[in-house]
Structure formats: C-alpha cells, structure tokens
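Source file: coords.txt (compact mmCIF, C-alpha atoms)
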```txt
# COMPACT_ATOMS: atom_id res chain seq x y z
CA MET K 1 -123.01 206.40 -115.38
CA ALA K 2 -120.11 208.62 -114.43
CA GLY K 3 -121.30 208.57 -110.81
CA ALA K 4 -121.62 204.79 -110.81
CA GLY K 5 -118.13 204.42 -112.33
CA LEU K 6 -116.68 206.72 -109.68
CA LEU K 7 -118.34 204.69 -106.90
CA MET K 8 -116.97 201.45 -108.37
CA LEU K 9 -113.47 202.97 -108.55
CA LEU K 10 -113.68 204.12 -104.93
CA ASP K 11 -114.90 200.66 -103.93
CA ASP K 12 -111.97 199.04 -105.75
CA ILE K 13 -109.54 201.43 -104.04
CA ALA K 14 -111.07 200.66 -100.62
CA THR K 15 -110.79 196.93 -101.28
CA LEU K 16 -107.17 197.35 -102.37
CA LEU K 17 -106.37 199.33 -99.21
CA ASP K 18 -108.00 196.62 -97.10
CA ASP K 19 -105.82 194.01 -98.84
CA VAL K 20 -102.69 196.11 -98.27
CA ALA K 21 -103.57 196.56 -94.61
CA LEU K 22 -104.20 192.83 -94.20
CA MET K 23 -100.92 191.90 -95.93
CA SER K 24 -99.02 194.47 -93.84
CA LYS K 25 -100.52 193.06 -90.66
CA THR K 26 -99.61 189.52 -91.74
CA ALA K 27 -96.05 190.57 -92.62
CA ALA K 28 -95.67 192.39 -89.31
CA GLY K 29 -96.92 189.31 -87.48
CA LYS K 30 -94.43 187.11 -89.32
CA SER K 31 -91.62 189.59 -88.63
CA THR K 32 -92.49 189.61 -84.93
CA ALA K 33 -92.57 185.82 -84.88
CA ILE K 34 -89.20 185.67 -86.64
CA LEU K 35 -87.67 188.17 -84.21
CA ASP K 36 -89.08 186.19 -81.30
CA ASP K 37 -87.57 183.02 -82.76
CA VAL K 38 -84.17 184.71 -83.18
CA ALA K 39 -84.34 186.02 -79.60
CA THR K 40 -85.26 182.55 -78.32
CA GLN K 41 -82.46 180.88 -80.27
CA THR K 42 -79.98 183.51 -79.01
CA LYS K 43 -81.08 182.88 -75.44
CA VAL K 44 -80.66 179.11 -75.86
CA ALA K 45 -77.24 179.60 -77.44
CA MET K 46 -76.17 181.87 -74.57
CA GLN K 47 -77.33 179.29 -72.03
CA LYS K 48 -75.39 176.52 -73.77
CA THR K 49 -72.21 178.64 -73.86
CA ALA K 50 -72.54 179.68 -70.21
CA GLY K 51 -70.25 176.82 -69.16
CA VAL K 52 -67.42 178.31 -71.20
CA LEU K 53 -68.05 181.89 -70.04
CA GLY K 54 -66.63 181.29 -66.56
CA ASP K 55 -63.40 179.95 -68.03
CA ASP K 56 -63.36 182.77 -70.60
CA LEU K 57 -63.75 185.36 -67.85
CA ALA K 58 -61.07 183.87 -65.61
CA LEU K 59 -58.62 183.44 -68.48
CA ASN K 60 -59.02 186.97 -69.81
CA ALA K 61 -58.90 188.57 -66.36
CA GLU K 62 -55.70 186.66 -65.63
CA GLN K 63 -54.19 187.53 -69.01
CA VAL K 64 -54.52 191.32 -68.55
CA THR K 65 -53.22 191.48 -64.98
CA GLY K 66 -49.70 192.65 -64.23
CA VAL K 67 -49.72 195.83 -66.32
CA ARG K 68 -49.33 199.31 -64.85
CA ALA K 69 -52.43 200.61 -63.02
CA ASN K 70 -52.95 203.54 -65.39
CA ARG K 71 -52.78 201.19 -68.40
CA GLU K 72 -55.18 198.48 -67.21
CA LEU K 73 -58.32 199.81 -68.92
CA PRO K 74 -56.53 200.61 -72.23
CA VAL K 75 -55.16 197.06 -72.24
CA VAL K 76 -58.64 195.62 -71.54
CA TRP K 77 -60.05 197.77 -74.36
CA ALA K 78 -57.28 196.62 -76.73
CA VAL K 79 -58.03 192.96 -75.94
CA ALA K 80 -61.78 193.57 -76.31
CA LYS K 81 -61.21 195.04 -79.79
CA GLY K 82 -59.03 192.05 -80.63
CA SER K 83 -61.82 189.78 -79.42
CA LEU K 84 -64.33 191.51 -81.70
CA MET K 85 -61.93 191.06 -84.61
CA ASN K 86 -61.62 187.37 -83.71
CA LYS K 87 -65.39 186.98 -83.79
CA ALA K 88 -65.65 188.93 -87.04
CA ILE K 89 -63.41 186.23 -88.54
CA LEU K 90 -64.97 183.29 -86.71
CA VAL K 91 -68.67 183.96 -87.44
CA PRO K 92 -68.43 183.75 -91.28
CA ALA K 93 -65.76 181.05 -91.03
CA ALA K 94 -68.00 178.93 -88.78
CA LEU K 95 -70.94 179.32 -91.18
CA LEU K 96 -68.82 178.41 -94.22
CA ILE K 97 -67.22 175.40 -92.53
CA SER K 98 -70.60 174.21 -91.24
CA ALA K 99 -72.14 174.54 -94.71
CA PHE K 100 -69.38 172.94 -96.79
CA VAL K 101 -66.97 170.94 -94.57
CA PRO K 102 -68.73 170.30 -91.23
CA TRP K 103 -66.35 167.39 -90.46
CA LEU K 104 -63.54 169.96 -90.15
CA ILE K 105 -65.01 171.65 -87.04
CA THR K 106 -63.90 168.99 -84.54
CA PRO K 107 -60.26 168.73 -85.78
CA LEU K 108 -59.91 172.51 -85.76
CA LEU K 109 -61.27 172.74 -82.22
CA MET K 110 -58.87 169.97 -81.16
CA VAL K 111 -55.93 171.93 -82.59
CA GLY K 112 -57.11 174.97 -80.66
CA GLY K 113 -57.45 172.85 -77.53
CA ALA K 114 -53.91 171.53 -77.92
CA PHE K 115 -52.64 175.11 -78.24
CA LEU K 116 -54.47 176.15 -75.06
CA CYS K 117 -52.95 173.21 -73.18
CA PHE K 118 -49.53 174.11 -74.60
CA GLU K 119 -49.97 177.65 -73.25
CA GLY K 120 -51.05 176.25 -69.89
CA VAL K 121 -48.00 174.01 -69.55
CA GLU K 122 -45.74 176.89 -70.58
CA LYS K 123 -47.29 179.08 -67.87
CA VAL K 124 -46.74 176.41 -65.21
CA LEU K 125 -43.13 175.84 -66.31
CA GLU K 126 -42.49 179.58 -66.38
CA MET K 127 -43.88 179.96 -62.87
CA LEU K 128 -41.76 177.09 -61.54
CA HIS K 129 -38.67 178.45 -63.30
CA LYS K 130 -39.16 181.88 -61.76
CA ARG K 131 -39.60 180.42 -58.30
CA ARG K 132 -36.46 178.34 -58.68
CA GLN K 133 -34.33 181.10 -60.17
CA HIS K 134 -35.59 183.93 -58.03
CA GLY K 135 -37.16 183.88 -54.57
CA VAL K 136 -34.45 183.80 -51.87
CA GLN K 137 -31.60 184.23 -54.38
CA ASP K 138 -33.22 187.40 -55.72
CA ALA K 139 -33.69 188.78 -52.23
CA VAL K 140 -30.03 188.14 -51.37
CA HIS K 141 -28.90 189.64 -54.67
CA ASP K 142 -31.05 192.73 -54.14
CA ALA K 143 -29.70 193.17 -50.64
CA GLN K 144 -26.10 192.87 -51.86
CA GLU K 145 -26.66 195.29 -54.74
CA ALA K 146 -28.43 197.74 -52.42
CA ALA K 147 -25.55 197.57 -49.90
CA GLU K 148 -23.02 198.26 -52.65
CA LYS K 149 -24.99 201.28 -53.88
CA GLY K 150 -25.96 202.48 -50.41
CA VAL K 151 -29.72 202.42 -51.16
CA ALA K 152 -32.73 200.45 -49.96
CA PRO K 153 -33.47 197.04 -51.58
CA SER K 154 -36.84 198.39 -52.75
CA SER K 155 -35.01 201.00 -54.83
CA VAL K 156 -33.09 198.27 -56.62
CA GLN K 157 -36.32 196.40 -57.37
CA ALA K 158 -37.97 199.57 -58.64
CA ALA K 159 -35.00 200.33 -60.92
CA ARG K 160 -35.16 196.79 -62.32
CA ALA K 161 -38.87 197.17 -63.03
CA LYS K 162 -38.28 200.49 -64.82
CA ALA K 163 -35.62 198.85 -67.00
CA MET K 164 -38.34 196.65 -68.54
CA ASP K 165 -39.96 198.01 -71.70
CA PRO K 166 -43.59 198.67 -70.66
CA VAL K 167 -44.79 199.07 -74.26
CA ALA K 168 -43.35 195.70 -75.30
CA TYR K 169 -44.76 194.09 -72.16
CA GLU K 170 -48.24 195.46 -72.92
CA ARG K 171 -48.06 194.27 -76.51
CA GLU K 172 -47.07 190.80 -75.35
CA LYS K 173 -49.96 190.74 -72.85
CA VAL K 174 -52.51 191.90 -75.44
CA ALA K 175 -51.24 189.48 -78.11
CA GLY K 176 -51.35 186.54 -75.69
CA ALA K 177 -54.85 187.44 -74.50
CA VAL K 178 -56.17 187.82 -78.05
CA ARG K 179 -54.67 184.44 -79.06
CA THR K 180 -56.35 182.77 -76.11
CA ASP K 181 -59.62 184.58 -76.80
CA PHE K 182 -59.60 183.29 -80.39
CA ILE K 183 -59.73 179.68 -79.24
CA LEU K 184 -62.34 180.32 -76.54
CA SER K 185 -64.44 182.31 -79.02
CA ALA K 186 -64.16 179.49 -81.55
CA GLU K 187 -65.55 177.04 -78.99
CA ILE K 188 -68.37 179.44 -78.08
CA MET K 189 -69.25 179.97 -81.75
CA ALA K 190 -69.22 176.20 -82.36
CA ILE K 191 -71.58 175.60 -79.43
CA ALA K 192 -73.87 178.43 -80.49
CA LEU K 193 -73.90 177.19 -84.09
CA GLY K 194 -74.91 173.75 -82.88
CA THR K 195 -78.11 175.18 -81.38
CA VAL K 196 -79.23 176.78 -84.68
CA SER K 197 -77.79 174.34 -87.24
CA ALA K 198 -81.29 173.48 -88.50
CA LYS K 199 -82.29 177.13 -88.98
CA PRO K 200 -81.97 179.21 -92.17
CA LEU K 201 -78.55 180.70 -92.90
CA TRP K 202 -79.54 184.29 -92.14
CA GLU K 203 -80.96 183.24 -88.76
CA GLN K 204 -77.76 181.35 -87.92
CA PHE K 205 -75.76 184.47 -88.79
CA THR K 206 -78.00 186.72 -86.67
CA VAL K 207 -77.81 184.45 -83.63
CA LEU K 208 -74.02 184.08 -83.87
CA VAL K 209 -73.54 187.85 -84.15
CA ALA K 210 -75.86 188.46 -81.19
CA VAL K 211 -74.04 185.88 -79.06
CA ALA K 212 -70.62 187.25 -80.08
CA LEU K 213 -71.51 190.84 -79.15
CA ALA K 214 -73.25 189.89 -75.89
CA ILE K 215 -70.39 187.69 -74.70
CA THR K 216 -67.72 190.26 -75.58
CA VAL K 217 -69.52 193.06 -73.73
CA PHE K 218 -70.22 190.82 -70.73
CA VAL K 219 -66.74 189.29 -70.39
CA TYR K 220 -64.67 192.42 -70.91
CA GLY K 221 -67.05 194.57 -68.90
CA ILE K 222 -66.51 192.24 -65.93
CA VAL K 223 -62.75 192.11 -66.58
CA ALA K 224 -62.61 195.92 -66.55
CA CYS K 225 -64.45 195.95 -63.21
CA ILE K 226 -62.08 193.34 -61.75
CA VAL K 227 -58.86 195.11 -62.72
CA ARG K 228 -60.13 198.44 -61.34
CA MET K 229 -61.57 197.02 -58.14
CA ASP K 230 -58.83 198.58 -56.01
CA ASP K 231 -59.68 202.03 -57.42
CA VAL K 232 -63.30 201.51 -56.43
CA GLY K 233 -62.04 200.62 -52.94
CA GLU K 234 -60.03 203.84 -52.73
CA TRP K 235 -63.03 205.84 -53.94
CA LEU K 236 -65.25 204.27 -51.26
CA MET K 237 -62.66 204.99 -48.55
CA ARG K 238 -62.92 208.70 -49.34
CA LYS K 239 -66.69 208.64 -48.88
CA PRO K 240 -68.28 209.59 -45.54
CA GLY K 241 -69.65 206.71 -43.53
CA ALA K 242 -67.93 203.89 -41.70
CA ALA K 243 -69.74 201.19 -43.72
CA LEU K 244 -68.57 202.52 -47.11
CA GLN K 245 -65.01 203.02 -45.85
CA SER K 246 -64.96 199.51 -44.41
CA LEU K 247 -66.19 198.13 -47.74
CA GLY K 248 -63.47 200.09 -49.54
CA ARG K 249 -60.77 198.70 -47.27
CA GLY K 250 -62.14 195.20 -47.84
CA LEU K 251 -61.97 195.63 -51.63
CA ILE K 252 -58.41 196.90 -51.50
CA ALA K 253 -57.32 194.09 -49.19
CA SER K 254 -59.01 191.40 -51.29
CA THR K 255 -57.75 192.61 -54.69
CA PRO K 256 -54.28 190.97 -54.49
CA TRP K 257 -55.84 187.69 -53.38
CA LEU K 258 -58.40 187.86 -56.19
CA MET K 259 -55.65 188.46 -58.76
CA ARG K 260 -53.62 185.51 -57.44
CA GLY K 261 -56.74 183.36 -57.50
CA LEU K 262 -57.55 184.40 -61.06
CA SER K 263 -54.00 183.54 -62.10
CA ILE K 264 -54.46 180.00 -60.76
CA VAL K 265 -58.02 179.61 -62.06
CA GLY K 266 -57.02 181.00 -65.46
CA THR K 267 -54.19 178.49 -65.81
CA VAL K 268 -56.43 175.59 -64.74
CA ALA K 269 -59.08 176.83 -67.19
CA MET K 270 -56.57 176.47 -70.02
CA PHE K 271 -56.28 172.77 -69.28
CA LEU K 272 -60.01 172.45 -68.62
CA VAL K 273 -61.17 174.10 -71.84
CA GLY K 274 -58.33 172.70 -73.96
CA GLY K 275 -58.79 169.23 -72.50
CA SER K 276 -62.54 169.28 -73.12
CA LEU K 277 -61.95 170.20 -76.78
CA LEU K 278 -59.45 167.36 -77.11
CA VAL K 279 -61.62 164.79 -75.33
CA HIS K 280 -64.58 165.73 -77.52
CA GLY K 281 -62.58 164.44 -80.49
CA MET K 282 -61.36 161.29 -78.71
CA ALA K 283 -64.23 158.85 -79.22
CA PRO K 284 -63.15 156.15 -76.68
CA ILE K 285 -62.74 158.61 -73.80
CA GLU K 286 -65.90 160.50 -74.73
CA HIS K 287 -67.85 157.23 -74.96
CA TRP K 288 -66.53 156.05 -71.56
CA LEU K 289 -67.57 159.31 -69.89
CA HIS K 290 -71.06 159.18 -71.42
CA THR K 291 -71.76 155.50 -70.75
CA HIS K 292 -69.98 154.86 -67.44
CA ILE K 293 -69.63 158.18 -65.60
CA GLU K 294 -72.64 160.33 -66.51
CA PRO K 295 -75.21 157.66 -65.44
CA LEU K 296 -73.72 157.70 -61.92
CA GLY K 297 -74.97 161.26 -61.42
CA GLY K 298 -74.18 163.50 -58.46
CA ALA K 299 -70.68 164.66 -57.59
CA VAL K 300 -69.02 161.82 -59.49
CA ALA K 301 -70.67 162.74 -62.80
CA ALA K 302 -69.81 166.40 -62.23
CA THR K 303 -66.21 165.96 -61.06
CA VAL K 304 -64.73 163.04 -63.01
CA PRO K 305 -65.17 164.62 -66.49
CA LEU K 306 -63.47 167.79 -65.26
CA LEU K 307 -60.54 165.79 -63.89
CA VAL K 308 -60.31 163.81 -67.13
CA HIS K 309 -60.33 167.03 -69.17
CA VAL K 310 -57.59 168.60 -67.03
CA GLY K 311 -55.53 165.38 -67.08
CA VAL K 312 -55.78 164.93 -70.85
CA GLY K 313 -55.05 168.63 -71.34
CA ALA K 314 -51.95 168.48 -69.13
CA VAL K 315 -50.62 165.36 -70.90
CA ILE K 316 -51.23 166.67 -74.44
CA GLY K 317 -49.91 170.11 -73.47
CA GLY K 318 -46.75 168.51 -72.07
CA VAL K 319 -46.25 166.50 -75.25
CA VAL K 320 -46.67 169.62 -77.42
CA VAL K 321 -44.26 171.62 -75.24
CA ALA K 322 -41.66 168.84 -75.45
CA ALA K 323 -42.08 168.64 -79.22
CA VAL K 324 -41.78 172.41 -79.65
CA HIS K 325 -38.68 172.62 -77.46
CA LEU K 326 -37.10 169.65 -79.27
CA TRP K 327 -37.80 171.31 -82.61
CA HIS K 328 -36.16 174.55 -81.49
CA ARG K 329 -33.19 172.65 -80.05
CA LEU K 330 -32.65 170.81 -83.33
CA ARG K 331 -32.82 174.09 -85.23
CA GLY K 332 -30.62 175.87 -82.70
CA THR K 333 -33.25 178.56 -81.99
CA GLN K 334 -35.00 179.76 -78.86
CA PRO K 335 -38.71 179.09 -78.22
CA ALA K 336 -40.96 182.12 -78.40
CA HIS K 337 -42.18 181.57 -74.82
```

Represent the structure from my file as structure tokens, please.
Amino acid sequence: MAGAGLLMLLDDIATLLDDVALMSKTAAGKSTAILDDVATQTKVAMQKTAGVLGDDLALNAEQVTGVRANRELPVVWAVAKGSLMNKAILVPAALLISAFVPWLITPLLMVGGAFLCFEGVEKVLEMLHKRRQHGVQDAVHDAQEAAEKGVAPSSVQAARAKAMDPVAYEREKVAGAVRTDFILSAEIMAIALGTVSAKPLWEQFTVLVAVALAITVFVYGIVACIVRMDDVGEWLMRKPGAALQSLGRGLIASTPWLMRGLSIVGTVAMFLVGGSLLVHGMAPIEHWLHTHIEPLGGAVAATVPLLVHVGVGAVIGGVVVAAVHLWHRLRGTQPAH
C-alpha cells in the first residue's frame, strides 16, 4: 500500500510539473506575441512620424548652430536632455488627455503650431532687421573704428564678439531649442498615439516611450554629427591618402553652406509644421485639401498642401507677432525676442 501511495504521489507530481511546463510555454508564447505586437506598433508609429522627423532634424540642427566650436557638443547634449524631459512630460500627459479629454488634443496642438509660426516670423524679422542695420554700415563702421585704433578691422570684429556673454548666448540657444522641441515632440507623440489608440493603456505607454527614445537618439545623434562635420573633415585631411584628404577638404568647404541651408530649412520648417498643426484644426481648409487637392495626385497633391501649410503658418504667425508687439507697446515693455 505504501508503495502504491508513493507511486500515485509521484504520478501526481509529474502531472503537476507537466501542467506547469505547459502553462509556462503558453505564457511565454503570449509574452512573445505581445512583444511582437508592441514592436510592430512601434514600427508603425515611427513610420507615421517620419514626415515630422525631417523638420525636427532641420529645426534642431539650425537651433544649435552659432555657438563656439568647443561648446557645440555640450549644447547638443543639453538640448537632448531637455528633449527627454519634454517627452517625460508629454507621454503621460498625452495618455491622460487621450483617456479623459481627447477633444483637447487638437486645440493644444494648434496653440503649439501658432507658437512655432510666431517663432518663425520673429526669426525672419530678426534676419531682415540685421541685414538692414548691419551689412555695409557695419563694414564702414568697423573700418572707421579700426583706423582710429590703428588695428585691422578683423580685430574690431573679434573684440565685439568677445564682448558678448557666451554663457547667456548658450542658455538662450538651449532654451529656444528646447521650446521648439516641445512642440515638435507633442506632434510626434500625438501621431504615435493615434496609431495605438485602440490598444491597452500599458501598450500605448510602451510604444510612446519607445518612439520617444528612438527619435531623441536619432535626431540628436544626427545633429551632433552635423555640427562636428568640419572636425571630421580636419581629421580626414591629416590622414594619408589623396582620396581621404580630398573628402576632408570637401566636408570643410561644404559645412558653411550646409549650416546656411539648415538655417533656411529650419525657418521654413517652423511654418510648415506650425501651419500643418493649424490647418488640421481648420475644418474648411482641411476638407478642401482632402476633397479637391488630394484626388489630383502627383506633384499637385504633394506640393499644394505644403504651400497652404506654409502660407497659413506665415499669416497666423504674423498676426501673433503683431498682437504680441502691440501688447508690449501698450504696456510700455520690450518683447522678449
């Protein structure tokens, strides 16, 4: 009897172990399927946000240019940390808004779009003001000041540059870049959330975090490469071999042109992204684009919406700038820009 009882106990234990193994296998299969689903959703979200990434890259590269060469990477790193902080705020905020007040997403994005357009108009006005106030007049002034001091004009320009507070300039650059990143990140999070809105909350959170980290690493990794491109050129010029040296010279020669191009593209991107956010909340314009322009296909369907976005962005940005300047004039204060 004791032997039979022992055999029955061993049989029960074996059956229990089989059940545990089967349940573990089933759980592992479900976990793998869930991870695959999260990976797929993340990939889809990344693809849908790819259209914003180009603007994000151009804007951030343009925002961190103009600082001293030895401070470029620290500035990029500071903006990247600010971007991660933005996303740490935006991910839970997006989930909460989507869960409780989803109608609020579009108005908030429109406010962000208006701010981007405001920044774009301010940049254009600042550039035009500098050209009008400086240029030939600056050159004449530098020459006169140099003649009075008995030094070269370049020495006068260098002294003027040193008189600027580099720490304050860096802080202003970083703050401006982080503000811009907040709006771009908000649009990216909204697009990504739209791809997983039907999924469970934890899966939405996982996808948004994955997208946020991937985009931050990608964008600021590329920005860091762009701002240090001239250093790579100098490094290649010191290497043996005519091909490498020629490539290095090409990188050094193209860097100033790339930076100028990024400045232009970054400013246009402000109107493009801001305008698209605004148009998305303007039902008549959005309806006209969908019903009359998109069916045409080809270059027309690709170009006209972009022009509309830039045009709307420029107009709204101009209105906001005028309102802000009027407000400051009435209060007797100076605008922050």

I'd like the neighbourhood of Ser83 of chain K as a ChimeraX atom specification, where a residue qualifies if any of its atoms comes within 8 Å (using all atoms listed in the file), though same-chain residues fewer than 6 positions away should be ignored. /K:178,181-182,185,216

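Note that the spacing between atom CA of Val232 of chain K and atom CA of Gly248 of chain K amounts to 7.0 Å.
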
Report, as JSON, the centre and edge lengths in Å (one decimal) of the axis-aligned box enclosing every listed atom of segment 105-108 of chain K, padded by 6 Å on each side.
```
{"center_x": -62.5, "center_y": 170.6, "center_z": -85.8, "size_x": 17.1, "size_y": 15.8, "size_z": 14.5}
```

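Distance check against Asp230 of chain K using all atoms listed in the file: of K:Glu72, K:Glu286, K:Phe115, K:Arg179, the minimum falls on K:Glu72.
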
Have a look at atom CA of Thr291 of chain K and atom CA of Pro107 of chain K and let me know their distance in Å, one decimal. 23.1 Å

Set the distance at 8 Å and use all atoms listed in the file: which residues neighbour segment 276-284 of chain K once local chain neighbours fewer than 6 positions away are removed? I'd like the list as a ChimeraX atom specification. /K:106-107,109-114,309-310,312-313

Would you mind listing what lies within 12 Å of Val124 of chain K as a PyMOL selection string, with all atoms listed in the file counted and same-chain residues fewer than 6 positions away left out? chain K and resi 117-118+130-131+263-264+266-268+270-271+314+317-318+321+337

Go ahead and save the residues from that selection, with C-alpha atoms, as a PDB file, in the frame of the given file.
```pdb
ATOM      1  CA  CYS K 117     -52.950 173.210 -73.180  1.00  0.00           C
ATOM      2  CA  PHE K 118     -49.530 174.110 -74.600  1.00  0.00           C
ATOM      3  CA  LYS K 130     -39.160 181.880 -61.760  1.00  0.00           C
ATOM      4  CA  ARG K 131     -39.600 180.420 -58.300  1.00  0.00           C
ATOM      5  CA  SER K 263     -54.000 183.540 -62.100  1.00  0.00           C
ATOM      6  CA  ILE K 264     -54.460 180.000 -60.760  1.00  0.00           C
ATOM      7  CA  GLY K 266     -57.020 181.000 -65.460  1.00  0.00           C
ATOM      8  CA  THR K 267     -54.190 178.490 -65.810  1.00  0.00           C
ATOM      9  CA  VAL K 268     -56.430 175.590 -64.740  1.00  0.00           C
ATOM     10  CA  MET K 270     -56.570 176.470 -70.020  1.00  0.00           C
ATOM     11  CA  PHE K 271     -56.280 172.770 -69.280  1.00  0.00           C
ATOM     12  CA  ALA K 314     -51.950 168.480 -69.130  1.00  0.00           C
ATOM     13  CA  GLY K 317     -49.910 170.110 -73.470  1.00  0.00           C
ATOM     14  CA  GLY K 318     -46.750 168.510 -72.070  1.00  0.00           C
ATOM     15  CA  VAL K 321     -44.260 171.620 -75.240  1.00  0.00           C
ATOM     16  CA  HIS K 337     -42.180 181.570 -74.820  1.00  0.00           C
TER      17      HIS K 337
END
```

Just give me the gap between atom CA of Thr180 of chain K and atom CA of Arg329 of chain K in Å, one decimal is fine. 25.6 Å

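Distance annotation: of K:Ala175, K:Leu307, K:Ala192, K:Val121, the residue with the minimal separation from Ala210 of chain K is K:Ala192; atom set is all atoms listed in the file.
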
Extract, using all atoms listed in the file, all DNA, RNA and protein residues at most 12 Å from Trp235 of chain K, discarding same-chain residues fewer than 5 positions from it, and format them as a VMD selection string. chain K and resid 228 to 230 240 244 to 249 251 to 252

Choose the residue, out of K:Ala99, K:Ala80, K:Ala242, K:Ala299, that has the smallest atom-to-atom separation from Ser197 of chain K; count all atoms listed in the file. K:Ala99

Restricting the calculation to all atoms listed in the file: of K:Ala198, K:Val76, K:Ile285, K:Val227, which residue gets closest to Met259 of chain K? K:Val227
